[in-house]
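The structure appears below as C-alpha cells.
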Amino acid sequence: MKALLPDKADLDDAALARLYAYPQGPGPVLRANMVGSLDGAATVDGLSGGLSSPGDRRVFWTLRALADVILVGAGTARAEGYHPTRIKEPWSSLGLRAGRPAAPPLALVSRSLQLDPDAPLIARAPADARTIIITCAASPADRRVALAGVADLIVAGDDSVDLAAAVAALADRGLGHVLCEGGPGLLSDVAKAGLLHELCLTLSPVLAGPAAVRILGSAGHPGAPFPARCLTLAHLLEEDGVLFARYAAAPS
C-alpha cells in the first residue's frame, strides 16, 4: 500500500497505524469506516464483502485496533455475521492496545432488541470487553431485562435511540474513540445528528448497478434528509487499484 496524498510513500503496518491515529482533542471522536463501489453502492448481493480487498481488510483491522469501541447497527451485525472483536497480528504487537482491553467491545444499536442473548457476539464476548447494547426507553422491557444479564445496556432516548446521548454515554465509560461500521441506515442517522468527525472510505473499482444501497441510508431505512456537507480530504492511499480515503468533517 502506498500513500498518494499528502505525501507519496510506501506504508508498513506501523506507518499505516500512525496515519489513521485518532485526532487529539477534548470530547469523543466518531469516525466511520465504509466501503463503496465506483457507482456508490455499499454492498454487492446484500453484503459488503463483495467490495472488499486485502488492502481494505488491512485498513479495517488497523481502524479496529485503534478504536475504543465499535458502533454497529444490530441488523448489520446479524447480516455480516459479527462475532466478538479480536485484533490480529501484526496490529496486536504494535502496542496499539496498551492500557486497554485486547480488543474493543461491540456496541450494537437496536430499538426493537431482537437480539439473541446466546448469540456469539453477545455470549462469547470477553469479560473486559462485554458487548454493549444501545437502545431507547420504548424498547421492550422484557428484552432489556433478558439482555442486561449478558451485555452492558445503554438506554438513550425515549421513542428512538438518541445517538448523541449514546456517544456521550460511551465517552463516560472511557470509550471516546468510536468506530462506526454502519450499516448505511445507522451511518445516515449519525451524519444527520452531526456526530461524524471522520469518514474512512474504501473506493472499490467495481460497478454494482442501480439496485444496491448507498453508504448512507438503505432500502429499509432511507434515513431522514439533511443538508449536504462538505468534507476535507486528509489522506489518500492506493493498493491494486483500490483507493483508501480519509475525510475530516466538522461536526454540527
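Ordering of the C-alpha cells sets the chain letters (A, B, ...); residue numbers start at 1 within each chain; ligands are numbered from 1 in the order shown.
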
Practice item. Fewer than 4 positions away in the same chain doesn't count, so skip those; otherwise give me all residues within 12 Å of Val35 in chain A, counting only C-alpha atoms, as JSON, numbers by chain. Key: {"A": [39, 40, 41, 42, 43, 44, 47, 48, 49, 50, 51, 52, 53, 55, 56, 57, 59, 60, 181, 182, 183, 184, 199, 200, 201, 202, 203, 204, 205, 206, 213, 214, 215, 216, 242, 243, 244, 245, 246]}

For the residues selected in the previous step, produce a file with C-alpha atoms as a PDB file, in the first residue's frame.
```pdb
ATOM      1  CA  ASP A  39     -21.155   3.935  -8.534  1.00  0.00           C
ATOM      2  CA  GLY A  40     -21.808   4.478  -4.836  1.00  0.00           C
ATOM      3  CA  ALA A  41     -23.001   1.039  -3.688  1.00  0.00           C
ATOM      4  CA  ALA A  42     -22.339  -0.131  -0.145  1.00  0.00           C
ATOM      5  CA  THR A  43     -22.934  -3.825  -0.849  1.00  0.00           C
ATOM      6  CA  VAL A  44     -22.892  -6.489  -3.540  1.00  0.00           C
ATOM      7  CA  LEU A  47     -23.088  -7.797   1.814  1.00  0.00           C
ATOM      8  CA  SER A  48     -20.036  -5.566   1.900  1.00  0.00           C
ATOM      9  CA  GLY A  49     -17.622  -8.458   1.298  1.00  0.00           C
ATOM     10  CA  GLY A  50     -18.095  -8.267  -2.463  1.00  0.00           C
ATOM     11  CA  LEU A  51     -16.413  -4.852  -2.415  1.00  0.00           C
ATOM     12  CA  SER A  52     -13.544  -5.706  -0.089  1.00  0.00           C
ATOM     13  CA  SER A  53      -9.887  -6.402  -0.894  1.00  0.00           C
ATOM     14  CA  GLY A  55      -5.920  -3.645   1.441  1.00  0.00           C
ATOM     15  CA  ASP A  56      -9.432  -2.919   2.662  1.00  0.00           C
ATOM     16  CA  ARG A  57      -9.124  -5.658   5.267  1.00  0.00           C
ATOM     17  CA  VAL A  59      -7.296  -0.826   6.918  1.00  0.00           C
ATOM     18  CA  PHE A  60     -10.297  -2.488   8.616  1.00  0.00           C
ATOM     19  CA  GLU A 181     -19.031   0.349  10.851  1.00  0.00           C
ATOM     20  CA  GLY A 182     -22.568   1.079   9.713  1.00  0.00           C
ATOM     21  CA  GLY A 183     -24.702  -0.145   8.235  1.00  0.00           C
ATOM     22  CA  PRO A 184     -25.892   2.583   5.905  1.00  0.00           C
ATOM     23  CA  LEU A 199     -15.210   9.129   7.155  1.00  0.00           C
ATOM     24  CA  CYS A 200     -12.726   6.444   6.142  1.00  0.00           C
ATOM     25  CA  LEU A 201     -13.914   5.311   2.715  1.00  0.00           C
ATOM     26  CA  THR A 202     -12.556   2.451   0.634  1.00  0.00           C
ATOM     27  CA  LEU A 203     -13.377   3.020  -3.035  1.00  0.00           C
ATOM     28  CA  SER A 204     -13.566  -0.349  -4.766  1.00  0.00           C
ATOM     29  CA  PRO A 205     -13.105  -0.471  -8.580  1.00  0.00           C
ATOM     30  CA  VAL A 206     -16.485  -2.196  -9.011  1.00  0.00           C
ATOM     31  CA  VAL A 213     -27.929   0.615  -1.444  1.00  0.00           C
ATOM     32  CA  ARG A 214     -25.581   3.527  -0.867  1.00  0.00           C
ATOM     33  CA  ILE A 215     -23.322   4.049   2.142  1.00  0.00           C
ATOM     34  CA  LEU A 216     -25.931   6.423   3.643  1.00  0.00           C
ATOM     35  CA  VAL A 242      -8.365   0.339  -4.693  1.00  0.00           C
ATOM     36  CA  LEU A 243      -8.385   3.811  -3.109  1.00  0.00           C
ATOM     37  CA  PHE A 244      -8.480   4.480   0.629  1.00  0.00           C
ATOM     38  CA  ALA A 245      -9.559   7.988   1.590  1.00  0.00           C
ATOM     39  CA  ARG A 246      -9.898   9.590   4.992  1.00  0.00           C
TER      40      ARG A 246
END
```

Exercise for review: Determine, counting only C-alpha atoms, which protein, DNA and RNA residues have an atom within 9 Å of an atom of range 148-164 of chain A; residues of the same chain fewer than 6 positions away are not included. Present the result as a PyMOL selection string.
Suggested key: chain A and resi 107+109-111+117-118+122-123+125+130-139+170+189-190+193-195

Exercise for review: Based on DSSP run over this structure's backbone, return all residues of range 61-250 of chain A in strand (DSSP E or B), as a PyMOL selection string.
Suggested key: chain A and resi 69-73+106-109+132-135+152-155+177-180+198-204+214+232-239+242-248

Excluding same-chain residues fewer than 2 positions from Asp7 in chain A, what lies within 10 Å of it counting only C-alpha atoms, as a compact mmCIF listing (two decimals) with N, CA and C atoms, in the first residue's frame?
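Final output, saved to part27.txt:
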```txt
# COMPACT_ATOMS: atom_id res chain seq x y z
N LYS A 2 0.48 2.25 -0.78
CA LYS A 2 1.27 3.47 -0.84
C LYS A 2 0.37 4.69 -0.65
N ALA A 3 0.96 5.72 -0.07
CA ALA A 3 0.26 6.98 0.12
C ALA A 3 0.39 7.83 -1.13
N LEU A 4 -0.70 8.46 -1.54
CA LEU A 4 -0.68 9.38 -2.67
C LEU A 4 -0.74 10.83 -2.18
N LEU A 5 -1.52 11.07 -1.15
CA LEU A 5 -1.66 12.39 -0.55
C LEU A 5 -1.71 12.22 0.97
N ALA A 9 4.46 7.74 -0.38
CA ALA A 9 5.34 6.89 0.43
C ALA A 9 4.74 5.49 0.50
N ASP A 10 5.62 4.49 0.63
CA ASP A 10 5.16 3.13 0.92
C ASP A 10 4.89 3.03 2.41
N HIS A 235 -6.18 12.23 3.80
CA HIS A 235 -5.16 11.46 3.09
C HIS A 235 -5.81 10.53 2.08
N LEU A 236 -5.00 10.08 1.14
CA LEU A 236 -5.46 9.18 0.08
C LEU A 236 -4.38 8.13 -0.15
N LEU A 237 -4.77 6.85 -0.06
CA LEU A 237 -3.87 5.73 -0.26
C LEU A 237 -4.35 4.89 -1.43
```

Practice item. Could you tell me which of A:Pro54, A:Gly217, A:Gly36, A:Pro210 comes closest to Gly185 in chain A if we count only C-alpha atoms? Key: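 Among the listed residues, the smallest separation from Gly185 in chain A belongs to A:Gly217.
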
Point to revise | range 89-103 of chain A surroundings by only C-alpha atoms, 12 Å radius, close-in-sequence under 2 positions cut, as a ChimeraX atom specification | key: /A:12-18,20-22,58-70,83-87,105-106,125-131,174-175,177

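Across the model, the gap from CA of His197 in chain A to CA of Ala169 in chain A is 17.3 Å.
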